[in-house]
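K.L.:
target35.cif (mmCIF, C-alpha atoms and all ligand atoms) pasted underneath:
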```cif
data_structure
#
loop_
_atom_site.label_atom_id
_atom_site.label_comp_id
_atom_site.auth_asym_id
_atom_site.auth_seq_id
_atom_site.Cartn_x
_atom_site.Cartn_y
_atom_site.Cartn_z
CA MET A 19 0.00 0.00 0.00
CA PHE A 20 1.58 3.28 -1.11
CA CYS A 21 0.82 6.68 0.30
CA LEU A 22 -0.72 8.61 -2.56
CA HIS A 23 -1.06 11.90 -0.74
CA TYR A 24 1.23 14.92 -0.69
CA PHE A 25 1.13 16.47 2.74
CA PRO A 26 2.59 19.71 4.13
CA LYS A 27 6.17 19.38 5.42
CA LEU A 28 6.52 18.44 9.09
CA LYS A 29 7.79 21.35 11.21
CA ASN A 30 8.09 19.72 14.65
CA ASP A 31 9.63 16.25 14.52
CA ALA A 32 10.48 15.96 18.26
CA PHE A 33 7.86 13.25 18.82
CA LEU A 34 9.00 11.09 15.88
CA ARG A 35 12.67 11.53 16.82
CA ALA A 36 11.94 10.50 20.42
CA CYS A 37 10.08 7.40 19.17
CA HIS A 38 13.31 6.38 17.43
CA GLY A 39 15.49 7.22 20.45
CA GLN A 40 17.12 10.20 18.74
CA GLU A 41 18.12 13.42 20.48
CA THR A 42 15.60 16.25 20.79
CA ASN A 43 15.85 19.83 22.16
CA HIS A 44 12.91 19.20 24.44
CA VAL A 45 10.99 16.15 25.53
CA PRO A 46 7.87 15.87 23.35
CA VAL A 47 4.52 15.66 25.11
CA TRP A 48 0.93 14.77 24.29
CA CYS A 49 -1.97 13.48 26.40
CA MET A 50 -4.19 10.48 25.92
CA ARG A 51 -7.75 11.81 25.46
CA GLN A 52 -6.37 15.27 24.71
CA ALA A 53 -9.46 15.74 22.54
CA GLY A 54 -12.04 15.27 25.26
CA ARG A 55 -14.72 16.61 27.52
CA TYR A 56 -12.34 18.58 29.78
CA LEU A 57 -12.31 21.17 26.96
CA PRO A 58 -15.37 23.48 26.90
CA GLU A 59 -15.08 23.79 23.10
CA PHE A 60 -15.21 19.98 22.83
CA ARG A 61 -18.39 19.83 24.95
CA GLU A 62 -19.94 22.60 22.90
CA PHE A 63 -19.08 20.96 19.58
CA ARG A 64 -20.30 17.51 20.67
CA ALA A 65 -23.50 18.77 22.35
CA GLY A 66 -26.61 16.99 21.07
CA LYS A 67 -24.65 14.82 18.61
CA ASP A 68 -24.42 11.06 18.79
CA PHE A 69 -20.88 9.92 19.64
CA PHE A 70 -20.44 7.39 16.83
CA GLU A 71 -22.15 9.71 14.32
CA THR A 72 -19.41 12.18 15.24
CA CYS A 73 -16.79 9.46 14.67
CA ARG A 74 -18.23 8.87 11.19
CA SER A 75 -17.90 12.54 10.19
CA PRO A 76 -14.37 13.27 8.91
CA ALA A 77 -14.91 17.04 9.30
CA ALA A 78 -16.02 16.64 12.93
CA CYS A 79 -13.12 14.29 13.76
CA CYS A 80 -10.70 16.76 12.20
CA GLU A 81 -12.09 19.68 14.19
CA LEU A 82 -12.01 17.73 17.49
CA THR A 83 -8.46 16.53 16.84
CA LEU A 84 -7.26 20.08 16.26
CA GLN A 85 -9.01 21.70 19.24
CA PRO A 86 -6.42 20.82 21.90
CA LEU A 87 -3.59 21.93 19.58
CA ARG A 88 -5.05 25.42 19.36
CA ARG A 89 -4.73 25.72 23.14
CA PHE A 90 -1.54 23.86 24.01
CA PRO A 91 1.83 23.32 22.29
CA PHE A 92 1.43 19.52 22.22
CA ASP A 93 4.07 17.76 20.13
CA ALA A 94 1.64 15.29 18.54
CA ALA A 95 -2.01 15.05 17.57
CA ILE A 96 -4.09 11.87 17.92
CA ILE A 97 -6.99 11.36 15.56
CA PHE A 98 -10.38 11.66 17.23
CA SER A 99 -12.10 8.28 16.89
CA ASP A 100 -12.73 5.27 19.11
CA ILE A 101 -11.41 1.74 19.50
CA LEU A 102 -14.95 0.34 19.21
CA VAL A 103 -15.30 1.18 15.52
CA ILE A 104 -13.72 -2.25 14.86
CA PRO A 105 -16.48 -4.33 16.48
CA GLN A 106 -18.91 -2.14 14.53
CA ALA A 107 -17.06 -2.91 11.30
CA MET A 108 -17.36 -6.62 12.16
CA GLY A 109 -21.12 -6.26 12.32
CA MET A 110 -21.84 -5.51 15.98
CA ASP A 111 -24.08 -2.72 17.20
CA VAL A 112 -22.33 -0.38 19.66
CA GLN A 113 -23.93 2.71 21.19
CA MET A 114 -22.48 5.40 23.45
CA VAL A 115 -24.94 5.79 26.32
CA ALA A 116 -24.65 9.00 28.35
CA GLY A 117 -23.58 8.30 31.91
CA LYS A 118 -22.89 4.64 31.11
CA GLY A 119 -20.32 4.60 28.33
CA PRO A 120 -20.08 2.24 25.37
CA THR A 121 -22.85 -0.38 25.26
CA PHE A 122 -23.38 -3.42 23.04
CA PRO A 123 -27.12 -4.32 23.01
CA GLU A 124 -26.21 -7.84 21.84
CA PRO A 125 -22.79 -8.88 23.14
CA LEU A 126 -21.20 -12.22 22.22
CA LYS A 127 -22.40 -14.88 24.66
CA GLU A 128 -21.28 -18.26 23.39
CA PRO A 129 -18.71 -19.43 20.81
CA GLU A 130 -21.50 -19.99 18.24
CA ASP A 131 -22.03 -16.22 18.25
CA LEU A 132 -18.74 -15.83 16.37
CA LEU A 133 -20.67 -16.97 13.30
CA LEU A 134 -22.64 -13.75 13.49
CA LEU A 135 -19.50 -11.68 12.87
CA GLN A 136 -18.45 -10.65 9.37
CA PRO A 137 -15.94 -13.33 8.34
CA LYS A 138 -14.10 -10.99 5.92
CA VAL A 139 -14.26 -7.31 6.74
CA ASP A 140 -13.81 -4.86 3.88
CA VAL A 141 -11.82 -2.35 5.92
CA ASN A 142 -11.86 0.36 3.25
CA LYS A 143 -15.62 0.17 2.99
CA GLU A 144 -16.42 -0.15 6.69
CA LEU A 145 -13.76 2.15 8.14
CA GLY A 146 -13.04 4.43 5.18
CA TYR A 147 -14.51 7.29 7.20
CA VAL A 148 -11.58 7.06 9.64
CA PHE A 149 -9.11 7.12 6.74
CA LYS A 150 -10.84 10.21 5.33
CA ALA A 151 -10.66 11.88 8.75
CA ILE A 152 -6.93 11.14 8.94
CA THR A 153 -6.20 12.52 5.47
CA LEU A 154 -8.21 15.68 6.09
CA THR A 155 -6.61 16.23 9.51
CA ARG A 156 -3.12 15.67 8.15
CA HIS A 157 -3.75 18.47 5.62
CA LYS A 158 -5.34 20.80 8.17
CA LEU A 159 -2.50 20.24 10.66
CA ASP A 160 -0.28 21.88 8.05
CA GLY A 161 2.78 20.02 9.33
CA LYS A 162 2.55 21.56 12.81
CA VAL A 163 3.01 18.18 14.57
CA PRO A 164 2.76 14.51 13.55
CA LEU A 165 -0.62 12.74 13.54
CA ILE A 166 -1.01 9.51 15.54
CA GLY A 167 -3.45 6.82 14.42
CA PHE A 168 -4.61 4.10 16.82
CA THR A 169 -6.49 0.89 17.42
CA GLY A 170 -7.67 -1.21 20.32
CA ALA A 171 -5.70 -4.44 20.81
CA PRO A 172 -7.42 -7.80 20.23
CA TRP A 173 -7.90 -8.77 23.89
CA THR A 174 -9.32 -5.35 24.85
CA LEU A 175 -11.76 -5.44 21.94
CA MET A 176 -12.71 -9.05 22.70
CA ALA A 177 -13.43 -8.05 26.29
CA TYR A 178 -15.80 -5.28 25.16
CA MET A 179 -17.52 -7.55 22.64
CA ILE A 180 -18.28 -10.14 25.33
CA GLU A 181 -18.90 -7.87 28.33
CA GLY A 182 -21.09 -5.59 26.25
CA GLY A 183 -19.55 -2.53 27.90
CA GLY A 184 -17.23 -1.52 30.71
CA SER A 185 -16.66 -3.96 33.56
CA THR A 186 -14.65 -4.09 36.78
CA THR A 187 -14.00 -7.84 36.76
CA HIS A 188 -14.22 -8.72 33.04
CA SER A 189 -15.48 -12.06 34.31
CA LYS A 190 -17.66 -12.78 31.26
CA ALA A 191 -14.75 -12.26 28.86
CA LYS A 192 -12.30 -14.14 31.12
CA ARG A 193 -14.79 -16.99 31.36
CA TRP A 194 -14.20 -17.48 27.62
CA LEU A 195 -10.43 -17.68 28.14
CA TYR A 196 -10.82 -20.49 30.68
CA ARG A 197 -13.82 -22.26 29.23
CA HIS A 198 -13.47 -21.66 25.49
CA PRO A 199 -9.76 -21.16 24.78
CA GLU A 200 -10.09 -22.26 21.14
CA ALA A 201 -12.97 -19.93 20.38
CA SER A 202 -11.07 -17.15 22.20
CA HIS A 203 -8.05 -17.64 19.93
CA LYS A 204 -10.33 -17.71 16.90
CA LEU A 205 -11.85 -14.36 17.87
CA LEU A 206 -8.45 -12.84 18.74
CA LYS A 207 -7.12 -13.95 15.36
CA MET A 208 -10.13 -12.47 13.53
CA LEU A 209 -9.58 -9.18 15.35
CA THR A 210 -5.84 -9.24 14.60
CA ASP A 211 -6.49 -9.58 10.87
CA VAL A 212 -8.86 -6.61 10.84
CA ILE A 213 -6.53 -4.52 13.03
CA VAL A 214 -3.54 -5.07 10.72
CA GLU A 215 -5.53 -3.93 7.67
CA TYR A 216 -6.96 -1.04 9.65
CA LEU A 217 -3.54 0.22 10.78
CA LEU A 218 -2.10 -0.10 7.26
CA GLY A 219 -5.08 1.87 5.96
CA GLN A 220 -4.42 4.58 8.54
CA VAL A 221 -0.81 4.88 7.43
CA ALA A 222 -1.84 5.01 3.76
CA ALA A 223 -4.26 7.78 4.73
CA GLY A 224 -1.52 9.79 6.46
CA ALA A 225 -0.99 8.54 10.04
CA GLN A 226 2.66 9.14 11.05
CA ALA A 227 2.71 6.90 14.15
CA LEU A 228 0.40 4.20 15.51
CA GLN A 229 -0.64 3.42 19.07
CA VAL A 230 -2.15 0.08 20.08
CA PHE A 231 -4.30 0.33 23.23
CA GLU A 232 -4.40 -2.83 25.34
CA SER A 233 -6.48 -1.02 27.94
CA HIS A 234 -7.61 -4.21 29.66
CA ALA A 235 -4.22 -5.85 30.17
CA GLY A 236 -4.64 -5.32 33.92
CA CYS A 237 -7.34 -7.94 34.38
CA LEU A 238 -5.08 -10.64 32.91
CA GLY A 239 -2.33 -12.31 34.92
CA PRO A 240 1.11 -12.99 33.44
CA VAL A 241 0.10 -16.45 32.21
CA GLU A 242 -3.08 -15.34 30.44
CA PHE A 243 -1.25 -12.30 29.07
CA GLN A 244 1.38 -14.59 27.52
CA GLU A 245 -1.29 -16.68 25.86
CA PHE A 246 -4.07 -14.28 24.91
CA SER A 247 -2.54 -10.81 24.55
CA LEU A 248 1.18 -10.76 23.81
CA PRO A 249 1.25 -13.08 20.75
CA TYR A 250 -1.37 -10.91 19.03
CA LEU A 251 0.34 -7.63 19.97
CA ARG A 252 3.53 -9.04 18.43
CA ASP A 253 1.73 -10.30 15.34
CA ILE A 254 0.20 -6.88 14.73
CA ALA A 255 3.53 -5.05 14.92
CA ARG A 256 5.36 -7.61 12.80
CA LYS A 257 2.74 -7.76 10.08
CA VAL A 258 2.28 -3.99 9.89
CA LYS A 259 6.04 -3.44 9.78
CA ASP A 260 6.66 -6.12 7.15
CA GLN A 261 4.06 -4.55 4.88
CA LEU A 262 5.33 -1.02 5.44
CA LYS A 263 8.90 -2.08 4.74
CA GLU A 264 7.84 -3.31 1.31
CA SER A 265 6.75 0.22 0.43
CA GLY A 266 9.80 1.77 2.12
CA GLN A 267 7.83 3.37 4.95
CA ASP A 268 8.92 3.67 8.55
CA VAL A 269 6.12 4.42 10.99
CA PRO A 270 6.88 4.10 14.71
CA MET A 271 4.49 1.98 16.77
CA ILE A 272 3.57 2.41 20.43
CA VAL A 273 2.11 -0.33 22.61
CA PHE A 274 0.21 0.73 25.71
CA ALA A 275 -0.83 -2.18 27.93
CA LYS A 276 -2.56 -0.49 30.85
CA ASP A 277 -1.68 -2.14 34.18
CA GLY A 278 0.44 -4.70 32.34
CA HIS A 279 3.57 -4.06 34.41
CA TYR A 280 4.19 -7.81 34.68
CA GLY A 281 4.73 -7.88 30.91
CA LEU A 282 7.13 -4.98 30.59
CA GLU A 283 10.20 -7.01 29.59
CA ASP A 284 8.20 -8.88 26.93
CA LEU A 285 6.56 -5.72 25.65
CA SER A 286 9.97 -4.15 25.15
CA GLN A 287 10.84 -7.04 22.80
CA SER A 288 7.69 -7.06 20.73
CA HIS A 289 8.74 -5.04 17.66
CA TYR A 290 7.28 -1.77 18.98
CA GLU A 291 9.57 1.28 19.08
CA VAL A 292 7.77 2.70 22.12
CA VAL A 293 6.22 1.18 25.23
CA GLY A 294 3.56 3.30 26.93
CA LEU A 295 3.37 3.11 30.72
CA ASP A 296 0.67 3.73 33.29
CA TRP A 297 1.52 5.48 36.56
CA THR A 298 1.99 2.33 38.63
CA ILE A 299 5.51 1.89 37.25
CA ASP A 300 8.50 3.80 38.58
CA PRO A 301 10.37 5.52 35.70
CA ARG A 302 13.84 4.30 36.72
CA SER A 303 12.74 0.70 37.14
CA ALA A 304 10.93 0.86 33.77
CA ARG A 305 14.20 1.98 32.16
CA GLU A 306 16.12 -0.82 33.86
CA ARG A 307 13.59 -3.47 32.93
CA THR A 308 13.41 -2.41 29.29
CA GLY A 309 17.20 -2.16 29.06
CA GLY A 310 17.33 0.74 26.59
CA LYS A 311 15.73 -1.41 23.88
CA VAL A 312 12.74 0.89 23.40
CA SER A 313 11.62 4.45 23.94
CA LEU A 314 9.19 4.97 26.81
CA GLN A 315 6.00 7.02 26.99
CA GLY A 316 4.01 8.13 30.03
CA ASN A 317 3.30 8.08 32.89
CA MET A 318 2.13 10.84 35.25
CA ASP A 319 -0.90 9.89 37.29
CA PRO A 320 -3.72 11.79 35.53
CA CYS A 321 -5.02 12.76 38.99
CA ALA A 322 -1.82 14.73 39.61
CA LEU A 323 -3.49 17.31 37.35
CA TYR A 324 -5.79 18.08 40.28
CA ALA A 325 -2.72 19.40 42.16
CA PRO A 326 -1.77 23.08 42.15
CA LYS A 327 0.40 24.11 39.19
CA GLU A 328 3.64 24.38 41.21
CA ARG A 329 3.17 20.82 42.44
CA ILE A 330 2.50 19.60 38.87
CA SER A 331 5.78 21.22 37.85
CA GLU A 332 7.68 19.39 40.64
CA ILE A 333 6.09 16.06 39.75
CA VAL A 334 6.99 16.54 36.08
CA LYS A 335 10.59 17.41 36.97
CA LYS A 336 10.96 14.20 39.01
CA MET A 337 9.39 12.18 36.19
CA LEU A 338 11.84 13.64 33.65
CA GLU A 339 14.80 12.96 35.94
CA GLY A 340 13.60 9.36 36.30
CA PHE A 341 13.13 8.65 32.61
CA GLY A 342 15.94 10.86 31.30
CA THR A 343 15.31 13.12 28.31
CA ARG A 344 16.37 10.77 25.50
CA GLY A 345 14.00 8.17 24.01
CA TYR A 346 11.20 9.55 26.11
CA ILE A 347 7.75 10.96 25.33
CA ALA A 348 5.93 12.60 28.22
CA ASN A 349 2.27 11.71 28.65
CA LEU A 350 -0.15 10.77 31.38
CA GLY A 351 -0.48 7.19 32.60
CA HIS A 352 -4.00 7.10 31.12
CA GLY A 353 -6.50 9.52 29.60
CA LEU A 354 -7.62 12.91 30.87
CA TYR A 355 -10.86 12.96 32.85
CA PRO A 356 -13.76 15.27 31.97
CA ASP A 357 -13.49 17.27 35.23
CA MET A 358 -9.87 18.29 34.72
CA ASP A 359 -8.91 21.93 34.45
CA PRO A 360 -7.52 22.81 31.00
CA GLU A 361 -5.20 25.32 32.69
CA ASN A 362 -3.48 22.50 34.56
CA VAL A 363 -3.09 20.54 31.33
CA GLY A 364 -1.32 23.64 29.97
CA ALA A 365 0.87 23.70 33.10
CA PHE A 366 1.78 20.03 32.52
CA VAL A 367 2.83 20.67 28.90
CA GLU A 368 4.82 23.74 29.84
CA ALA A 369 6.56 21.96 32.70
CA VAL A 370 7.65 19.14 30.37
CA HIS A 371 9.06 21.57 27.82
CA THR A 372 10.78 23.87 30.32
CA HIS A 373 12.32 21.25 32.62
CA SER A 374 13.48 19.05 29.74
CA ARG A 375 15.22 21.98 28.01
CA HIS A 376 17.04 22.73 31.30
CA LEU A 377 17.99 19.11 31.82
CA ASN A 378 19.32 18.92 28.24
CA LEU A 379 21.58 21.95 28.90
CA LYS A 380 23.17 20.39 31.99
C1 LIG B 1 -11.15 1.80 26.21
C2 LIG B 1 -11.18 2.83 25.10
C3 LIG B 1 -12.34 3.35 24.47
N1 LIG B 1 -11.92 4.27 23.52
C4 LIG B 1 -10.54 4.35 23.54
C5 LIG B 1 -10.06 3.42 24.49
C6 LIG B 1 -8.60 3.13 24.75
C7 LIG B 1 -7.99 4.12 25.65
C8 LIG B 1 -8.39 3.94 27.09
O1 LIG B 1 -7.95 2.95 27.69
O2 LIG B 1 -9.09 4.83 27.59
C9 LIG B 1 -9.66 5.15 22.68
C10 LIG B 1 -10.03 6.54 22.38
N2 LIG B 1 -11.25 7.16 22.48
C11 LIG B 1 -11.16 8.45 22.07
C12 LIG B 1 -9.85 8.66 21.61
C13 LIG B 1 -9.48 9.92 20.85
C14 LIG B 1 -8.23 10.50 20.85
C15 LIG B 1 -7.72 11.11 22.15
O3 LIG B 1 -7.07 10.38 22.94
O4 LIG B 1 -7.87 12.35 22.33
C16 LIG B 1 -9.12 7.49 21.85
C17 LIG B 1 -7.64 7.22 21.60
C18 LIG B 1 -12.23 9.44 22.05
C19 LIG B 1 -13.32 9.31 23.02
N3 LIG B 1 -14.02 8.18 23.31
C20 LIG B 1 -14.98 8.47 24.23
C21 LIG B 1 -14.90 9.83 24.59
C22 LIG B 1 -15.80 10.57 25.58
C23 LIG B 1 -17.24 10.58 25.16
C24 LIG B 1 -17.76 11.82 24.48
O5 LIG B 1 -17.05 12.59 23.86
O6 LIG B 1 -18.97 12.00 24.54
C25 LIG B 1 -13.85 10.37 23.83
C26 LIG B 1 -13.38 11.77 23.82
C27 LIG B 1 -15.96 7.49 24.73
C28 LIG B 1 -15.42 6.22 25.23
N4 LIG B 1 -14.91 5.24 24.44
C29 LIG B 1 -14.48 4.19 25.24
C30 LIG B 1 -14.75 4.54 26.60
C31 LIG B 1 -14.45 3.68 27.81
C32 LIG B 1 -15.34 5.81 26.59
C33 LIG B 1 -15.75 6.65 27.78
C34 LIG B 1 -17.22 6.65 28.01
C35 LIG B 1 -17.61 7.76 28.97
O7 LIG B 1 -16.75 8.42 29.53
O8 LIG B 1 -18.82 7.96 29.10
C36 LIG B 1 -13.78 3.00 24.73
#
```
Do you think you could lay out the structure here as structure tokens?
P.N.:
Amino acid sequence: MFCLHYFPKLKNDAFLRACHGQETNHVPVWCMRQAGRYLPEFREFRAGKDFFETCRSPAACCELTLQPLRRFPFDAAIIFSDILVIPQAMGMDVQMVAGKGPTFPEPLKEPEDLLLLQPKVDVNKELGYVFKAITLTRHKLDGKVPLIGFTGAPWTLMAYMIEGGGSTTHSKAKRWLYRHPEASHKLLKMLTDVIVEYLLGQVAAGAQALQVFESHAGCLGPVEFQEFSLPYLRDIARKVKDQLKESGQDVPMIVFAKDGHYGLEDLSQSHYEVVGLDWTIDPRSARERTGGKVSLQGNMDPCALYAPKERISEIVKKMLEGFGTRGYIANLGHGLYPDMDPENVGAFVEAVHTHSRHLNLK
């Protein structure tokens, strides 16, 4: 798949350089869920519109992606979309219910239900709206910062498809792992195939980096992770990279396995350039355990944004000292919450830029 678009020249390559472990003047920073309800302009734009209708409008996705960049000097943009567009593309109904979150009226219950899924998904037809959003946004960004595309990882998507929504225990989805391991692998494989095509389509459309969200790694133990998550995460990176290599493209990939600290060593040897970290991991120990093999991204506790600005600045300084300024992308350990103060997000970004420039001069 060749990129047929001509896009404006990139002006700020700090994020891409950091992904590859190269030197940068400052540590690049972006926030998961930077396009979100903590921004009044986001709430105003989204008011009265259905969430997934918004996802299907390239113009709306473009506008929402750009909103945080008008306020803050983030070093990367992430396309506004959702991980649950993949189950939709496979034929499942998913709705965003206010106050409840994503909801599947008819989740998968038994292995026979796999027959109800589209066996061969035409990714261009079903998810072409995401590709259009990426191309439009890449043009509108005008080379200001790189654009990140993303996907949910197979296990996380499987968990949603079986639970039918959010869950604290994920017991329905985990029941499949213990009771129906073969059907679980079949579903994970189906998801992997769609994800690979989807990520390649995003790159062809203009995505300059890719993040894979394994948001539900935390409910697996090390043994289940080894069997039901890691092999598919590896497969995705290897297949995407093999295909991109054929067309001479080099797009860094980030894996973020939330609460998957037990898998850190393995994740650092899974063909991803960057491993994203949640806040339960100490920066220095993350560096030791990944042995300089990958760049790291993260990992301030999002709730630290409730602290006064001076305290945020101190926390950021410590985090930078722990990770070092090379091969590092500052971020939160998970997404921003709707009740966060945009001013404190600005303080976080500024603290990363200022402290990292100082540390680089030392
Ligand atoms: C698990 C997951 C989902 N979606 C996503 C994940 C993986 C990341 C994670 O672990 O949080 C990924 C996602 N969802 C969204 C983005 C956009 C880009 C960005 O980070 O700014 C990204 C990267 C927009 C969104 N996706 C969603 C919102 C908020 C809803 C809205 O705008 O009305 C946004 C900005 C909705 C969503 N979508 C999902 C949930 C749990 C929710 C929250 C529901 C709620 O809070 O009521 C599923």
K.L.:
Excluding segment 79-94 of chain A and any residue of its chain fewer than 6 positions from it, enumerate the residues within 8 Å of it, using all atoms listed in the file, and give them as an MDAnalysis selection string.
P.N.:
chainID A and resid 30 32:33 46:48 52:53 57 59:60 72:73 151:152 154:155 158:159 163:166 364 367
K.L.:
For C-alpha atoms, I'd like the residues from the last selection saved as a PDB file, in the coordinates of the input.
P.N.:
```pdb
ATOM      1  CA  ASN A  30       8.090  19.720  14.650  1.00  0.00           C
ATOM      2  CA  ALA A  32      10.480  15.960  18.260  1.00  0.00           C
ATOM      3  CA  PHE A  33       7.860  13.250  18.820  1.00  0.00           C
ATOM      4  CA  PRO A  46       7.870  15.870  23.350  1.00  0.00           C
ATOM      5  CA  VAL A  47       4.520  15.660  25.110  1.00  0.00           C
ATOM      6  CA  TRP A  48       0.930  14.770  24.290  1.00  0.00           C
ATOM      7  CA  GLN A  52      -6.370  15.270  24.710  1.00  0.00           C
ATOM      8  CA  ALA A  53      -9.460  15.740  22.540  1.00  0.00           C
ATOM      9  CA  LEU A  57     -12.310  21.170  26.960  1.00  0.00           C
ATOM     10  CA  GLU A  59     -15.080  23.790  23.100  1.00  0.00           C
ATOM     11  CA  PHE A  60     -15.210  19.980  22.830  1.00  0.00           C
ATOM     12  CA  THR A  72     -19.410  12.180  15.240  1.00  0.00           C
ATOM     13  CA  CYS A  73     -16.790   9.460  14.670  1.00  0.00           C
ATOM     14  CA  ALA A 151     -10.660  11.880   8.750  1.00  0.00           C
ATOM     15  CA  ILE A 152      -6.930  11.140   8.940  1.00  0.00           C
ATOM     16  CA  LEU A 154      -8.210  15.680   6.090  1.00  0.00           C
ATOM     17  CA  THR A 155      -6.610  16.230   9.510  1.00  0.00           C
ATOM     18  CA  LYS A 158      -5.340  20.800   8.170  1.00  0.00           C
ATOM     19  CA  LEU A 159      -2.500  20.240  10.660  1.00  0.00           C
ATOM     20  CA  VAL A 163       3.010  18.180  14.570  1.00  0.00           C
ATOM     21  CA  PRO A 164       2.760  14.510  13.550  1.00  0.00           C
ATOM     22  CA  LEU A 165      -0.620  12.740  13.540  1.00  0.00           C
ATOM     23  CA  ILE A 166      -1.010   9.510  15.540  1.00  0.00           C
ATOM     24  CA  GLY A 364      -1.320  23.640  29.970  1.00  0.00           C
ATOM     25  CA  VAL A 367       2.830  20.670  28.900  1.00  0.00           C
TER      26      VAL A 367
END
```
K.L.:
Within 12 Å of Tyr250 of chain A, counting all atoms listed in the file, which residues show up once you throw out same-chain ones fewer than 6 positions away? Write them as a VMD selection string, please.
P.N.:
chain A and resid 170 to 174 202 to 214 230 232 243 to 244 256 to 257 273 285 288 to 289
K.L.:
Once you add 5 Å to each side, what are the centre and edge lengths of the axis-aligned box holding all listed atoms of ligand LIG 1 (chain B)? One decimal in Å, as AutoDock Vina command-line options, if you can.
P.N.:
```
--center_x -13.0 --center_y 7.2 --center_z 25.2 --size_x 21.9 --size_y 20.8 --size_z 18.7
```
K.L.:
Kindly indicate which residue among A:Asp357, A:Glu368, A:Asp68, A:Glu144 lies nearest to ligand LIG 1 (chain B), using all atoms listed in the file for the distances.
P.N.:
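Closest residue, counting all atoms listed in the file: A:Asp68.
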K.L.:
Using all atoms listed in the file, which residues have at least one atom no more than 7 Å from ligand LIG 1 (chain B)? Output them as an NGL selection string.
P.N.:
:A and (49-55 or 64 or 69 or 83 or 96-102 or 114 or 116-120 or 168 or 170 or 184 or 231 or 233 or 352-353)
K.L.:
Quick check, in Å to one decimal: how far apart do atom CA of Asn43 of chain A and atom CA of Leu338 of chain A lie?
P.N.:
13.7 Å
K.L.:
Excluding Ala369 of chain A and any residue of its chain fewer than 2 positions from it, enumerate the residues within 10 Å of it, using only C-alpha atoms, and give them as a list in words.
P.N.:
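The neighbour list is Lys327, Glu328, Ile330, Ser331, Glu332, Ile333, Val334, Lys335, Leu338, Val363, Gly364, Ala365, Phe366, Val367, His371, Thr372, His373, Ser374 and Arg375 of chain A.
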K.L.:
With distances taken over only C-alpha atoms, which of A:Ala95, A:Ala255, A:His157, A:Trp194 is nearest to Gly224 of chain A?
P.N.:
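Going through A:Ala95, A:Ala255, A:His157, A:Trp194 one by one, the smallest distance to Gly224 of chain A is for A:His157.
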K.L.:
Using Å and a single decimal, report how far atom CA of Lys150 of chain A sits from atom CA of Gly219 of chain A.
P.N.:
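Calculated distance between atom CA of Gly219 of chain A and atom CA of Lys150 of chain A is 10.2 Å.
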